[in-house]
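Text of query.cif (mmCIF, C-alpha atoms) as supplied:
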```cif
data_input
loop_
_atom_site.group_PDB
_atom_site.id
_atom_site.type_symbol
_atom_site.label_atom_id
_atom_site.label_comp_id
_atom_site.auth_asym_id
_atom_site.auth_seq_id
_atom_site.Cartn_x
_atom_site.Cartn_y
_atom_site.Cartn_z
ATOM 1 C CA MET A 1 -2.742 17.542 9.787
ATOM 2 C CA GLU A 2 -2.270 15.501 12.930
ATOM 3 C CA PRO A 3 -0.497 12.138 12.798
ATOM 4 C CA ILE A 4 -2.773 9.080 12.748
ATOM 5 C CA GLY A 5 -1.952 6.178 15.081
ATOM 6 C CA LEU A 6 -1.920 2.842 13.254
ATOM 7 C CA GLN A 7 -1.729 -0.644 14.761
ATOM 8 C CA PRO A 8 1.211 -2.787 13.581
ATOM 9 C CA ILE A 9 0.413 -6.464 13.034
ATOM 10 C CA GLY A 10 3.924 -7.895 13.062
ATOM 11 C CA VAL A 11 7.585 -7.467 12.356
ATOM 12 C CA VAL A 12 10.077 -8.416 9.630
ATOM 13 C CA ARG A 13 12.869 -10.902 10.358
ATOM 14 C CA SER A 14 15.565 -10.524 7.742
ATOM 15 C CA ALA A 15 19.311 -10.847 7.208
ATOM 16 C CA LEU A 16 19.276 -7.146 6.284
ATOM 17 C CA THR A 17 20.134 -5.042 9.295
ATOM 18 C CA THR A 18 21.349 -1.732 7.879
ATOM 19 C CA THR A 19 20.088 0.473 5.074
ATOM 20 C CA GLY A 20 23.429 0.179 3.276
ATOM 21 C CA GLN A 21 22.780 -3.534 2.764
ATOM 22 C CA ALA A 22 19.261 -3.065 1.457
ATOM 23 C CA PRO A 23 18.878 -3.893 -2.223
ATOM 24 C CA LYS A 24 17.310 -1.123 -4.261
ATOM 25 C CA GLN A 25 14.327 -3.266 -5.122
ATOM 26 C CA GLY A 26 13.339 -6.462 -3.390
ATOM 27 C CA PRO A 27 11.641 -8.403 -6.177
ATOM 28 C CA GLU A 28 14.771 -8.198 -8.326
ATOM 29 C CA ALA A 29 16.952 -9.458 -5.513
ATOM 30 C CA GLY A 30 14.517 -12.256 -4.650
ATOM 31 C CA LEU A 31 15.470 -11.938 -0.980
ATOM 32 C CA VAL A 32 13.706 -14.363 1.367
ATOM 33 C CA SER A 33 12.596 -13.073 4.768
ATOM 34 C CA VAL A 34 9.998 -13.816 7.428
ATOM 35 C CA ILE A 35 7.081 -11.766 8.713
ATOM 36 C CA GLU A 36 6.154 -12.640 12.279
ATOM 37 C CA ILE A 37 2.527 -11.817 12.935
ATOM 38 C CA ALA A 38 1.646 -10.998 16.553
ATOM 39 C CA PRO A 39 -0.498 -13.686 18.211
ATOM 40 C CA ALA A 40 -3.495 -11.360 18.554
ATOM 41 C CA TRP A 41 -3.847 -11.055 14.759
ATOM 42 C CA ARG A 42 -2.963 -14.554 13.558
ATOM 43 C CA GLN A 43 -6.548 -15.593 12.941
ATOM 44 C CA GLY A 44 -6.484 -12.982 10.173
ATOM 45 C CA LEU A 45 -4.066 -15.221 8.215
ATOM 46 C CA THR A 46 -6.757 -17.872 7.697
ATOM 47 C CA GLY A 47 -6.872 -19.015 4.094
ATOM 48 C CA LEU A 48 -3.415 -17.778 3.079
ATOM 49 C CA ALA A 49 -1.438 -20.523 1.350
ATOM 50 C CA PRO A 50 1.982 -20.803 -0.289
ATOM 51 C CA GLY A 51 2.090 -19.427 -3.817
ATOM 52 C CA ARG A 52 -0.119 -16.426 -3.093
ATOM 53 C CA ASP A 53 1.068 -12.967 -4.042
ATOM 54 C CA LEU A 54 0.662 -10.474 -1.210
ATOM 55 C CA TRP A 55 1.048 -6.765 -0.667
ATOM 56 C CA VAL A 56 3.031 -5.896 2.432
ATOM 57 C CA ILE A 57 2.636 -2.387 3.839
ATOM 58 C CA TYR A 58 5.308 -1.520 6.371
ATOM 59 C CA HIS A 59 6.945 1.373 8.168
ATOM 60 C CA PHE A 60 10.422 2.535 7.110
ATOM 61 C CA HIS A 61 11.399 2.766 10.764
ATOM 62 C CA GLN A 62 15.031 3.642 10.018
ATOM 63 C CA ALA A 63 14.246 6.152 7.270
ATOM 64 C CA GLU A 64 15.752 9.573 7.606
ATOM 65 C CA ALA A 65 13.667 12.719 7.607
ATOM 66 C CA THR A 66 11.389 13.377 4.663
ATOM 67 C CA ALA A 67 12.881 14.751 1.444
ATOM 68 C CA LEU A 68 10.236 16.075 -0.937
ATOM 69 C CA LEU A 69 12.504 15.644 -3.951
ATOM 70 C CA ALA A 70 14.401 12.447 -4.714
ATOM 71 C CA HIS A 71 16.431 10.804 -7.441
ATOM 72 C CA PRO A 72 14.447 7.909 -8.944
ATOM 73 C CA ARG A 73 15.889 4.605 -7.699
ATOM 74 C CA HIS A 74 18.551 6.468 -5.711
ATOM 75 C CA ASP A 75 20.362 7.061 -8.997
ATOM 76 C CA PRO A 76 22.093 10.459 -8.888
ATOM 77 C CA ALA A 77 22.327 10.390 -12.693
ATOM 78 C CA ARG A 78 18.539 10.696 -12.848
ATOM 79 C CA ALA A 79 16.983 14.122 -12.354
ATOM 80 C CA LEU A 80 15.363 14.979 -9.026
ATOM 81 C CA THR A 81 11.609 14.532 -9.006
ATOM 82 C CA GLY A 82 8.815 14.668 -6.420
ATOM 83 C CA VAL A 83 8.965 12.018 -3.714
ATOM 84 C CA PHE A 84 5.411 10.922 -4.673
ATOM 85 C CA ASN A 85 6.794 10.205 -8.137
ATOM 86 C CA THR A 86 9.347 7.790 -6.607
ATOM 87 C CA ARG A 87 9.427 4.869 -4.165
ATOM 88 C CA SER A 88 11.978 6.602 -1.907
ATOM 89 C CA PRO A 89 11.651 5.782 1.839
ATOM 90 C CA LYS A 90 12.084 9.461 2.781
ATOM 91 C CA ARG A 91 8.346 10.151 2.398
ATOM 92 C CA PRO A 92 6.098 11.924 4.903
ATOM 93 C CA ALA A 93 4.369 8.799 6.272
ATOM 94 C CA HIS A 94 7.428 6.556 5.741
ATOM 95 C CA LEU A 95 5.245 3.800 4.309
ATOM 96 C CA GLY A 96 6.686 0.999 2.213
ATOM 97 C CA LEU A 97 4.678 -1.125 -0.236
ATOM 98 C CA THR A 98 6.100 -4.336 -1.681
ATOM 99 C CA LEU A 99 4.559 -7.217 -3.591
ATOM 100 C CA VAL A 100 5.875 -10.547 -2.290
ATOM 101 C CA ARG A 101 5.361 -14.214 -3.029
ATOM 102 C CA LEU A 102 4.250 -16.284 -0.039
ATOM 103 C CA LEU A 103 6.511 -19.347 0.254
ATOM 104 C CA GLN A 104 5.403 -20.810 3.572
ATOM 105 C CA VAL A 105 3.014 -20.029 6.411
ATOM 106 C CA GLU A 106 3.344 -21.646 9.812
ATOM 107 C CA GLU A 107 2.261 -20.546 13.293
ATOM 108 C CA GLY A 108 2.003 -16.891 12.433
ATOM 109 C CA ARG A 109 5.263 -16.824 10.469
ATOM 110 C CA LEU A 110 5.025 -15.928 6.791
ATOM 111 C CA THR A 111 8.100 -16.771 4.742
ATOM 112 C CA VAL A 112 8.109 -14.490 1.713
ATOM 113 C CA ARG A 113 10.278 -13.723 -1.304
ATOM 114 C CA GLY A 114 10.885 -10.174 -2.508
ATOM 115 C CA LEU A 115 10.704 -8.049 0.648
ATOM 116 C CA GLU A 116 13.628 -5.632 0.977
ATOM 117 C CA ALA A 117 12.659 -4.404 4.470
ATOM 118 C CA LEU A 118 15.227 -4.331 7.267
ATOM 119 C CA ASP A 119 15.191 -6.701 10.225
ATOM 120 C CA GLY A 120 12.814 -5.299 12.846
ATOM 121 C CA THR A 121 10.647 -3.367 10.387
ATOM 122 C CA PRO A 122 7.083 -2.987 11.711
ATOM 123 C CA VAL A 123 4.477 -4.441 9.352
ATOM 124 C CA LEU A 124 1.164 -2.605 9.227
ATOM 125 C CA ASP A 125 -0.865 -4.647 6.767
ATOM 126 C CA ILE A 126 -0.951 -7.616 4.417
ATOM 127 C CA LYS A 127 -3.415 -7.767 1.543
ATOM 128 C CA PRO A 128 -3.945 -10.296 -1.227
ATOM 129 C CA TYR A 129 -2.927 -9.317 -4.741
ATOM 130 C CA VAL A 130 -6.138 -9.152 -6.803
ATOM 131 C CA PRO A 131 -5.473 -8.943 -10.565
ATOM 132 C CA GLY A 132 -8.709 -7.093 -11.319
ATOM 133 C CA LEU A 133 -7.877 -4.373 -8.812
ATOM 134 C CA ASP A 134 -4.114 -4.200 -8.975
ATOM 135 C CA GLN A 135 -3.464 -3.847 -12.683
ATOM 136 C CA PRO A 136 -3.746 -0.489 -14.433
ATOM 137 C CA ALA A 137 -6.816 0.216 -16.520
ATOM 138 C CA PRO A 138 -6.239 0.088 -20.287
ATOM 139 C CA LEU A 139 -4.851 3.265 -21.778
ATOM 140 C CA GLU A 140 -7.477 5.660 -23.012
ATOM 141 C CA GLU A 141 -7.919 6.904 -26.549
ATOM 142 C CA PRO A 142 -6.326 10.306 -27.028
ATOM 143 C CA MET B 1 2.774 -3.590 19.770
ATOM 144 C CA GLU B 2 2.320 0.124 20.204
ATOM 145 C CA PRO B 3 0.527 2.152 17.518
ATOM 146 C CA ILE B 4 2.792 4.054 15.119
ATOM 147 C CA GLY B 5 1.976 7.702 14.352
ATOM 148 C CA LEU B 6 1.944 8.415 10.626
ATOM 149 C CA GLN B 7 1.775 11.792 8.901
ATOM 150 C CA PRO B 8 -1.179 12.250 6.500
ATOM 151 C CA ILE B 9 -0.394 14.160 3.307
ATOM 152 C CA GLY B 10 -3.899 15.087 2.228
ATOM 153 C CA VAL B 11 -7.583 14.290 2.117
ATOM 154 C CA VAL B 12 -10.071 12.785 -0.353
ATOM 155 C CA ARG B 13 -12.861 14.918 -1.784
ATOM 156 C CA SER B 14 -15.564 12.661 -3.162
ATOM 157 C CA ALA B 15 -19.302 12.448 -3.759
ATOM 158 C CA LEU B 16 -19.277 9.381 -1.482
ATOM 159 C CA THR B 17 -20.134 10.388 2.055
ATOM 160 C CA THR B 18 -21.334 7.179 3.719
ATOM 161 C CA THR B 19 -20.088 3.622 3.624
ATOM 162 C CA GLY B 20 -23.451 2.453 2.270
ATOM 163 C CA GLN B 21 -22.819 4.405 -0.925
ATOM 164 C CA ALA B 22 -19.312 3.089 -1.418
ATOM 165 C CA PRO B 23 -18.897 0.787 -4.395
ATOM 166 C CA LYS B 24 -17.318 -2.554 -3.548
ATOM 167 C CA GLN B 25 -14.337 -1.830 -5.759
ATOM 168 C CA GLY B 26 -13.364 1.554 -7.122
ATOM 169 C CA PRO B 27 -11.683 0.621 -10.374
ATOM 170 C CA GLU B 28 -14.774 -1.178 -11.583
ATOM 171 C CA ALA B 29 -16.987 1.775 -10.770
ATOM 172 C CA GLY B 30 -14.538 4.220 -12.353
ATOM 173 C CA LEU B 31 -15.475 6.839 -9.784
ATOM 174 C CA VAL B 32 -13.719 10.191 -10.178
ATOM 175 C CA SER B 33 -12.597 11.988 -7.028
ATOM 176 C CA VAL B 34 -10.007 14.517 -5.916
ATOM 177 C CA ILE B 35 -7.078 14.194 -3.522
ATOM 178 C CA GLU B 36 -6.147 17.511 -1.937
ATOM 179 C CA ILE B 37 -2.508 17.488 -0.889
ATOM 180 C CA ALA B 38 -1.624 19.741 2.042
ATOM 181 C CA PRO B 39 0.515 22.753 1.015
ATOM 182 C CA ALA B 40 3.515 21.525 3.024
ATOM 183 C CA TRP B 41 3.846 18.403 0.851
ATOM 184 C CA ARG B 42 2.977 19.713 -2.605
ATOM 185 C CA GLN B 43 6.562 19.899 -3.808
ATOM 186 C CA GLY B 44 6.485 16.098 -3.573
ATOM 187 C CA LEU B 45 4.073 16.012 -6.538
ATOM 188 C CA THR B 46 6.761 17.308 -8.909
ATOM 189 C CA GLY B 47 6.860 15.265 -12.088
ATOM 190 C CA LEU B 48 3.407 13.683 -11.780
ATOM 191 C CA ALA B 49 1.428 14.087 -14.994
ATOM 192 C CA PRO B 50 -2.013 13.002 -16.231
ATOM 193 C CA GLY B 51 -2.122 9.419 -17.410
ATOM 194 C CA ARG B 52 0.107 8.063 -14.646
ATOM 195 C CA ASP B 53 -1.074 5.123 -12.567
ATOM 196 C CA LEU B 54 -0.658 5.725 -8.854
ATOM 197 C CA TRP B 55 -1.056 3.778 -5.638
ATOM 198 C CA VAL B 56 -3.026 5.622 -3.001
ATOM 199 C CA ILE B 57 -2.631 4.470 0.609
ATOM 200 C CA TYR B 58 -5.288 5.878 2.883
ATOM 201 C CA HIS B 59 -6.929 5.433 6.273
ATOM 202 C CA PHE B 60 -10.393 3.875 6.489
ATOM 203 C CA HIS B 61 -11.368 6.559 8.996
ATOM 204 C CA GLN B 62 -15.004 5.423 9.206
ATOM 205 C CA ALA B 63 -14.220 1.708 9.378
ATOM 206 C CA GLU B 64 -15.730 -0.194 12.245
ATOM 207 C CA ALA B 65 -13.631 -2.211 14.665
ATOM 208 C CA THR B 66 -11.352 -4.904 13.302
ATOM 209 C CA ALA B 67 -12.859 -8.265 12.321
ATOM 210 C CA LEU B 68 -10.212 -10.941 11.827
ATOM 211 C CA LEU B 69 -12.494 -12.978 9.570
ATOM 212 C CA ALA B 70 -14.400 -11.524 6.621
ATOM 213 C CA HIS B 71 -16.440 -12.582 3.620
ATOM 214 C CA PRO B 72 -14.454 -11.898 0.431
ATOM 215 C CA ARG B 73 -15.880 -8.843 -1.342
ATOM 216 C CA HIS B 74 -18.537 -8.469 1.385
ATOM 217 C CA ASP B 75 -20.369 -11.385 -0.254
ATOM 218 C CA PRO B 76 -22.101 -13.463 2.435
ATOM 219 C CA ALA B 77 -22.345 -16.343 -0.042
ATOM 220 C CA ARG B 78 -18.567 -16.681 0.098
ATOM 221 C CA ALA B 79 -16.997 -18.480 3.059
ATOM 222 C CA LEU B 80 -15.375 -16.460 5.833
ATOM 223 C CA THR B 81 -11.624 -16.169 5.504
ATOM 224 C CA GLY B 82 -8.822 -14.266 7.256
ATOM 225 C CA VAL B 83 -8.953 -10.496 6.928
ATOM 226 C CA PHE B 84 -5.404 -10.536 5.474
ATOM 227 C CA ASN B 85 -6.790 -12.749 2.713
ATOM 228 C CA THR B 86 -9.334 -10.028 1.821
ATOM 229 C CA ARG B 87 -9.405 -6.295 1.123
ATOM 230 C CA SER B 88 -11.961 -5.654 3.907
ATOM 231 C CA PRO B 89 -11.633 -2.251 5.649
ATOM 232 C CA LYS B 90 -12.060 -3.869 9.080
ATOM 233 C CA ARG B 91 -8.325 -4.585 9.394
ATOM 234 C CA PRO B 92 -6.061 -3.788 12.329
ATOM 235 C CA ALA B 93 -4.341 -0.751 10.801
ATOM 236 C CA HIS B 94 -7.414 0.259 8.731
ATOM 237 C CA LEU B 95 -5.213 0.907 5.687
ATOM 238 C CA GLY B 96 -6.674 1.069 2.202
ATOM 239 C CA LEU B 97 -4.677 0.537 -0.989
ATOM 240 C CA THR B 98 -6.094 1.461 -4.396
ATOM 241 C CA LEU B 99 -4.555 1.822 -7.838
ATOM 242 C CA VAL B 100 -5.874 4.938 -9.572
ATOM 243 C CA ARG B 101 -5.357 6.705 -12.876
ATOM 244 C CA LEU B 102 -4.260 10.324 -12.586
ATOM 245 C CA LEU B 103 -6.527 12.492 -14.754
ATOM 246 C CA GLN B 104 -5.427 15.976 -13.766
ATOM 247 C CA VAL B 105 -3.042 17.680 -11.372
ATOM 248 C CA GLU B 106 -3.357 21.331 -10.461
ATOM 249 C CA GLU B 107 -2.270 23.323 -7.402
ATOM 250 C CA GLY B 108 -2.000 20.323 -5.131
ATOM 251 C CA ARG B 109 -5.267 18.769 -6.309
ATOM 252 C CA LEU B 110 -5.027 15.363 -7.977
ATOM 253 C CA THR B 111 -8.112 14.320 -9.912
ATOM 254 C CA VAL B 112 -8.119 10.530 -10.078
ATOM 255 C CA ARG B 113 -10.287 7.715 -11.400
ATOM 256 C CA GLY B 114 -10.887 4.547 -9.412
ATOM 257 C CA LEU B 115 -10.708 5.629 -5.776
ATOM 258 C CA GLU B 116 -13.611 4.340 -3.684
ATOM 259 C CA ALA B 117 -12.654 6.248 -0.520
ATOM 260 C CA LEU B 118 -15.226 8.366 1.306
ATOM 261 C CA ASP B 119 -15.177 12.143 1.369
ATOM 262 C CA GLY B 120 -12.804 13.286 4.112
ATOM 263 C CA THR B 121 -10.632 10.158 4.032
ATOM 264 C CA PRO B 122 -7.060 10.933 5.173
ATOM 265 C CA VAL B 123 -4.455 10.040 2.533
ATOM 266 C CA LEU B 124 -1.140 8.766 3.865
ATOM 267 C CA ASP B 125 0.865 8.174 0.723
ATOM 268 C CA ILE B 126 0.954 8.250 -3.057
ATOM 269 C CA LYS B 127 3.412 6.129 -5.016
ATOM 270 C CA PRO B 128 3.941 5.598 -8.742
ATOM 271 C CA TYR B 129 2.921 2.256 -10.215
ATOM 272 C CA VAL B 130 6.125 0.559 -11.411
ATOM 273 C CA PRO B 131 5.449 -2.469 -13.645
ATOM 274 C CA GLY B 132 8.685 -4.243 -12.714
ATOM 275 C CA LEU B 133 7.868 -4.032 -9.007
ATOM 276 C CA ASP B 134 4.098 -4.257 -8.962
ATOM 277 C CA GLN B 135 3.447 -7.345 -11.065
ATOM 278 C CA PRO B 136 3.714 -10.838 -9.577
ATOM 279 C CA ALA B 137 6.769 -12.911 -10.374
ATOM 280 C CA PRO B 138 6.181 -15.739 -12.865
ATOM 281 C CA LEU B 139 4.795 -18.909 -11.350
ATOM 282 C CA GLU B 140 7.394 -21.384 -10.282
ATOM 283 C CA GLU B 141 7.821 -24.894 -11.568
ATOM 284 C CA PRO B 142 6.239 -27.437 -9.239
#
```
What does the file become when written as structure tokens?
Amino acid sequence: MEPIGLQPIGVVRSALTTTGQAPKQGPEAGLVSVIEIAPAWRQGLTGLAPGRDLWVIYHFHQAEATALLAHPRHDPARALTGVFNTRSPKRPAHLGLTLVRLLQVEEGRLTVRGLEALDGTPVLDIKPYVPGLDQPAPLEEP
Amino acid sequence: MEPIGLQPIGVVRSALTTTGQAPKQGPEAGLVSVIEIAPAWRQGLTGLAPGRDLWVIYHFHQAEATALLAHPRHDPARALTGVFNTRSPKRPAHLGLTLVRLLQVEEGRLTVRGLEALDGTPVLDIKPYVPGLDQPAPLEEP
């Protein structure tokens, strides 16, 4: 299948500059960073206010080539499993997905808590967290 | 910013063929569809079993041009707000994000419940739902 060209909307500004520094999971670290939205798309931020929970979809631009098997949470003590059964960055489309808390929004700059992305990471999309959509359905009867 | 080329991993097979048929929100409709993973990426499905909750990231390939303001849930009675404050498909990168329940997995075909994507939709990524990452942090004290 041919690659699909997607339009970035902004870029991450963070104290993290190398993958070695990146925490395994952002929400646990509570890292604060900034997403700078390009001027052309800033009208799309209308209505976003501090306290909202947002999905950020971004491109692991420094990720190495795809590995179809990975250790869950980079933990070599855990058995290798399929990359689609992990959140490893070494996935075919190199897409990251992180739930963040919006702390501040000002002139196209979103200050967020919980994003583990490196400085310079291209951001492709921001979506509101919607409890009715983003929580698993109840377990079914056996 | 220049578009970024991303590698699709598969395609949606669904009874939905036009946007007019698409339910507003998949999980409510409980629609069952199939994601066909391309042979090159099937090893990445290792470890996925029925009952798992999965994020599907896909490309709204039939979406019209971007609209930076949208009515929440396509409801004209609700005030226009920024597209990043909605789940509208008319977003710059045309990325969709849906949480599905895996019903069956067989020879690179994932049968899932809750995906509202049209037949032929390119799928860019599949990630496991991880409660510790994918639930909002507790509200903060004022």
Chain B least-squares fitted onto chain A over all paired Cα atoms, as a short mmCIF file (atom, residue, chain, number, x, y, z; two decimals) with C-alpha atoms, in the coordinates of the input:
```cif
data_model
loop_
_atom_site.label_atom_id
_atom_site.label_comp_id
_atom_site.auth_asym_id
_atom_site.auth_seq_id
_atom_site.Cartn_x
_atom_site.Cartn_y
_atom_site.Cartn_z
CA MET B 1 -2.74 17.54 9.82
CA GLU B 2 -2.28 15.51 12.96
CA PRO B 3 -0.49 12.15 12.81
CA ILE B 4 -2.76 9.09 12.76
CA GLY B 5 -1.94 6.18 15.08
CA LEU B 6 -1.91 2.85 13.26
CA GLN B 7 -1.74 -0.63 14.77
CA PRO B 8 1.21 -2.78 13.59
CA ILE B 9 0.42 -6.46 13.03
CA GLY B 10 3.92 -7.88 13.05
CA VAL B 11 7.60 -7.46 12.36
CA VAL B 12 10.08 -8.41 9.62
CA ARG B 13 12.87 -10.88 10.35
CA SER B 14 15.57 -10.51 7.73
CA ALA B 15 19.31 -10.84 7.18
CA LEU B 16 19.28 -7.13 6.26
CA THR B 17 20.15 -5.04 9.28
CA THR B 18 21.35 -1.72 7.86
CA THR B 19 20.10 0.47 5.06
CA GLY B 20 23.46 0.17 3.29
CA GLN B 21 22.82 -3.54 2.77
CA ALA B 22 19.31 -3.08 1.44
CA PRO B 23 18.89 -3.91 -2.23
CA LYS B 24 17.31 -1.13 -4.26
CA GLN B 25 14.32 -3.29 -5.10
CA GLY B 26 13.35 -6.50 -3.36
CA PRO B 27 11.66 -8.41 -6.14
CA GLU B 28 14.75 -8.20 -8.30
CA ALA B 29 16.97 -9.45 -5.51
CA GLY B 30 14.52 -12.23 -4.63
CA LEU B 31 15.46 -11.91 -0.98
CA VAL B 32 13.71 -14.35 1.36
CA SER B 33 12.60 -13.06 4.76
CA VAL B 34 10.01 -13.81 7.42
CA ILE B 35 7.09 -11.75 8.70
CA GLU B 36 6.16 -12.64 12.27
CA ILE B 37 2.53 -11.81 12.93
CA ALA B 38 1.65 -10.98 16.53
CA PRO B 39 -0.49 -13.69 18.21
CA ALA B 40 -3.49 -11.36 18.54
CA TRP B 41 -3.82 -11.05 14.75
CA ARG B 42 -2.96 -14.55 13.56
CA GLN B 43 -6.55 -15.59 12.95
CA GLY B 44 -6.47 -12.99 10.17
CA LEU B 45 -4.07 -15.23 8.21
CA THR B 46 -6.76 -17.88 7.71
CA GLY B 47 -6.87 -19.03 4.11
CA LEU B 48 -3.42 -17.79 3.08
CA ALA B 49 -1.44 -20.53 1.34
CA PRO B 50 1.99 -20.80 -0.29
CA GLY B 51 2.10 -19.43 -3.81
CA ARG B 52 -0.13 -16.43 -3.09
CA ASP B 53 1.05 -12.96 -4.04
CA LEU B 54 0.65 -10.47 -1.21
CA TRP B 55 1.05 -6.76 -0.67
CA VAL B 56 3.03 -5.90 2.43
CA ILE B 57 2.64 -2.38 3.84
CA TYR B 58 5.30 -1.52 6.36
CA HIS B 59 6.95 1.38 8.17
CA PHE B 60 10.41 2.53 7.10
CA HIS B 61 11.39 2.76 10.76
CA GLN B 62 15.03 3.64 10.01
CA ALA B 63 14.24 6.14 7.26
CA GLU B 64 15.75 9.56 7.61
CA ALA B 65 13.66 12.71 7.60
CA THR B 66 11.37 13.37 4.66
CA ALA B 67 12.87 14.75 1.44
CA LEU B 68 10.22 16.08 -0.94
CA LEU B 69 12.50 15.63 -3.95
CA ALA B 70 14.40 12.43 -4.71
CA HIS B 71 16.43 10.78 -7.44
CA PRO B 72 14.44 7.89 -8.93
CA ARG B 73 15.87 4.58 -7.71
CA HIS B 74 18.53 6.44 -5.69
CA ASP B 75 20.35 7.03 -8.99
CA PRO B 76 22.09 10.42 -8.88
CA ALA B 77 22.32 10.34 -12.68
CA ARG B 78 18.55 10.67 -12.84
CA ALA B 79 16.98 14.10 -12.35
CA LEU B 80 15.37 14.96 -9.02
CA THR B 81 11.62 14.52 -9.00
CA GLY B 82 8.82 14.67 -6.41
CA VAL B 83 8.95 12.01 -3.71
CA PHE B 84 5.40 10.92 -4.65
CA ASN B 85 6.78 10.20 -8.12
CA THR B 86 9.32 7.78 -6.60
CA ARG B 87 9.40 4.86 -4.16
CA SER B 88 11.96 6.60 -1.90
CA PRO B 89 11.64 5.78 1.84
CA LYS B 90 12.07 9.46 2.77
CA ARG B 91 8.34 10.16 2.42
CA PRO B 92 6.08 11.92 4.91
CA ALA B 93 4.36 8.81 6.29
CA HIS B 94 7.43 6.57 5.74
CA LEU B 95 5.22 3.81 4.31
CA GLY B 96 6.68 1.01 2.22
CA LEU B 97 4.67 -1.11 -0.22
CA THR B 98 6.09 -4.33 -1.68
CA LEU B 99 4.54 -7.21 -3.59
CA VAL B 100 5.86 -10.53 -2.29
CA ARG B 101 5.34 -14.21 -3.02
CA LEU B 102 4.25 -16.28 -0.04
CA LEU B 103 6.51 -19.34 0.24
CA GLN B 104 5.42 -20.79 3.56
CA VAL B 105 3.04 -20.02 6.41
CA GLU B 106 3.36 -21.64 9.80
CA GLU B 107 2.28 -20.55 13.29
CA GLY B 108 2.01 -16.89 12.42
CA ARG B 109 5.27 -16.81 10.46
CA LEU B 110 5.03 -15.93 6.77
CA THR B 111 8.11 -16.76 4.73
CA VAL B 112 8.11 -14.48 1.70
CA ARG B 113 10.27 -13.71 -1.32
CA GLY B 114 10.87 -10.16 -2.50
CA LEU B 115 10.70 -8.05 0.65
CA GLU B 116 13.61 -5.62 0.98
CA ALA B 117 12.66 -4.39 4.47
CA LEU B 118 15.24 -4.33 7.26
CA ASP B 119 15.19 -6.68 10.21
CA GLY B 120 12.83 -5.29 12.84
CA THR B 121 10.65 -3.36 10.38
CA PRO B 122 7.08 -2.97 11.72
CA VAL B 123 4.47 -4.44 9.35
CA LEU B 124 1.16 -2.60 9.22
CA ASP B 125 -0.86 -4.64 6.77
CA ILE B 126 -0.95 -7.61 4.43
CA LYS B 127 -3.42 -7.77 1.55
CA PRO B 128 -3.95 -10.30 -1.23
CA TYR B 129 -2.94 -9.32 -4.75
CA VAL B 130 -6.15 -9.16 -6.81
CA PRO B 131 -5.48 -8.95 -10.57
CA GLY B 132 -8.72 -7.10 -11.34
CA LEU B 133 -7.89 -4.38 -8.82
CA ASP B 134 -4.12 -4.20 -8.97
CA GLN B 135 -3.48 -3.86 -12.69
CA PRO B 136 -3.75 -0.49 -14.44
CA ALA B 137 -6.81 0.21 -16.54
CA PRO B 138 -6.23 0.09 -20.31
CA LEU B 139 -4.84 3.27 -21.79
CA GLU B 140 -7.44 5.67 -23.02
CA GLU B 141 -7.87 6.91 -26.55
CA PRO B 142 -6.29 10.33 -27.03
#
```
Using the chain letters and residue numbers of this document, give as a short mmCIF file (atom, residue, chain, number, x, y, z; two decimals) with C-alpha atoms, in the frame of the given file the residues selected by the PyMOL selection byres ((chain A) within 8 of (chain B)).
```cif
data_model
loop_
_atom_site.label_atom_id
_atom_site.label_comp_id
_atom_site.auth_asym_id
_atom_site.auth_seq_id
_atom_site.Cartn_x
_atom_site.Cartn_y
_atom_site.Cartn_z
CA MET A 1 -2.74 17.54 9.79
CA GLU A 2 -2.27 15.50 12.93
CA PRO A 3 -0.50 12.14 12.80
CA ILE A 4 -2.77 9.08 12.75
CA GLY A 5 -1.95 6.18 15.08
CA LEU A 6 -1.92 2.84 13.25
CA GLN A 7 -1.73 -0.64 14.76
CA PRO A 8 1.21 -2.79 13.58
CA ILE A 9 0.41 -6.46 13.03
CA GLN A 25 14.33 -3.27 -5.12
CA PRO A 27 11.64 -8.40 -6.18
CA TRP A 41 -3.85 -11.06 14.76
CA GLN A 43 -6.55 -15.59 12.94
CA GLY A 44 -6.48 -12.98 10.17
CA LEU A 45 -4.07 -15.22 8.22
CA THR A 46 -6.76 -17.87 7.70
CA GLY A 47 -6.87 -19.02 4.09
CA LEU A 48 -3.42 -17.78 3.08
CA ASP A 53 1.07 -12.97 -4.04
CA LEU A 68 10.24 16.08 -0.94
CA LEU A 69 12.50 15.64 -3.95
CA THR A 81 11.61 14.53 -9.01
CA GLY A 82 8.82 14.67 -6.42
CA VAL A 83 8.96 12.02 -3.71
CA PHE A 84 5.41 10.92 -4.67
CA ASN A 85 6.79 10.20 -8.14
CA THR A 86 9.35 7.79 -6.61
CA ARG A 87 9.43 4.87 -4.16
CA ARG A 91 8.35 10.15 2.40
CA PRO A 92 6.10 11.92 4.90
CA ALA A 93 4.37 8.80 6.27
CA HIS A 94 7.43 6.56 5.74
CA LEU A 95 5.24 3.80 4.31
CA THR A 98 6.10 -4.34 -1.68
CA LEU A 99 4.56 -7.22 -3.59
CA VAL A 100 5.88 -10.55 -2.29
CA ARG A 101 5.36 -14.21 -3.03
CA LEU A 124 1.16 -2.60 9.23
CA ASP A 125 -0.86 -4.65 6.77
CA ILE A 126 -0.95 -7.62 4.42
CA LYS A 127 -3.42 -7.77 1.54
CA PRO A 128 -3.94 -10.30 -1.23
CA LEU A 133 -7.88 -4.37 -8.81
CA ASP A 134 -4.11 -4.20 -8.98
CA GLN A 135 -3.46 -3.85 -12.68
CA PRO A 136 -3.75 -0.49 -14.43
CA ALA A 137 -6.82 0.22 -16.52
#
```
Atomic separation - CA of Thr18 (chain B) relative to CA of Leu102 (chain B), Å: 23.8 Å
Using the file's own x, y and z axes, so that the box edges lie along x, y and z, what centre and edge lengths in Å (one decimal) does a box around every listed atom of region 57-70 of chain A get when 5 Å is added on each side? Give it as JSON.
```
{"center_x": 9.2, "center_y": 6.8, "center_z": 3.0, "size_x": 23.1, "size_y": 28.5, "size_z": 25.5}
```
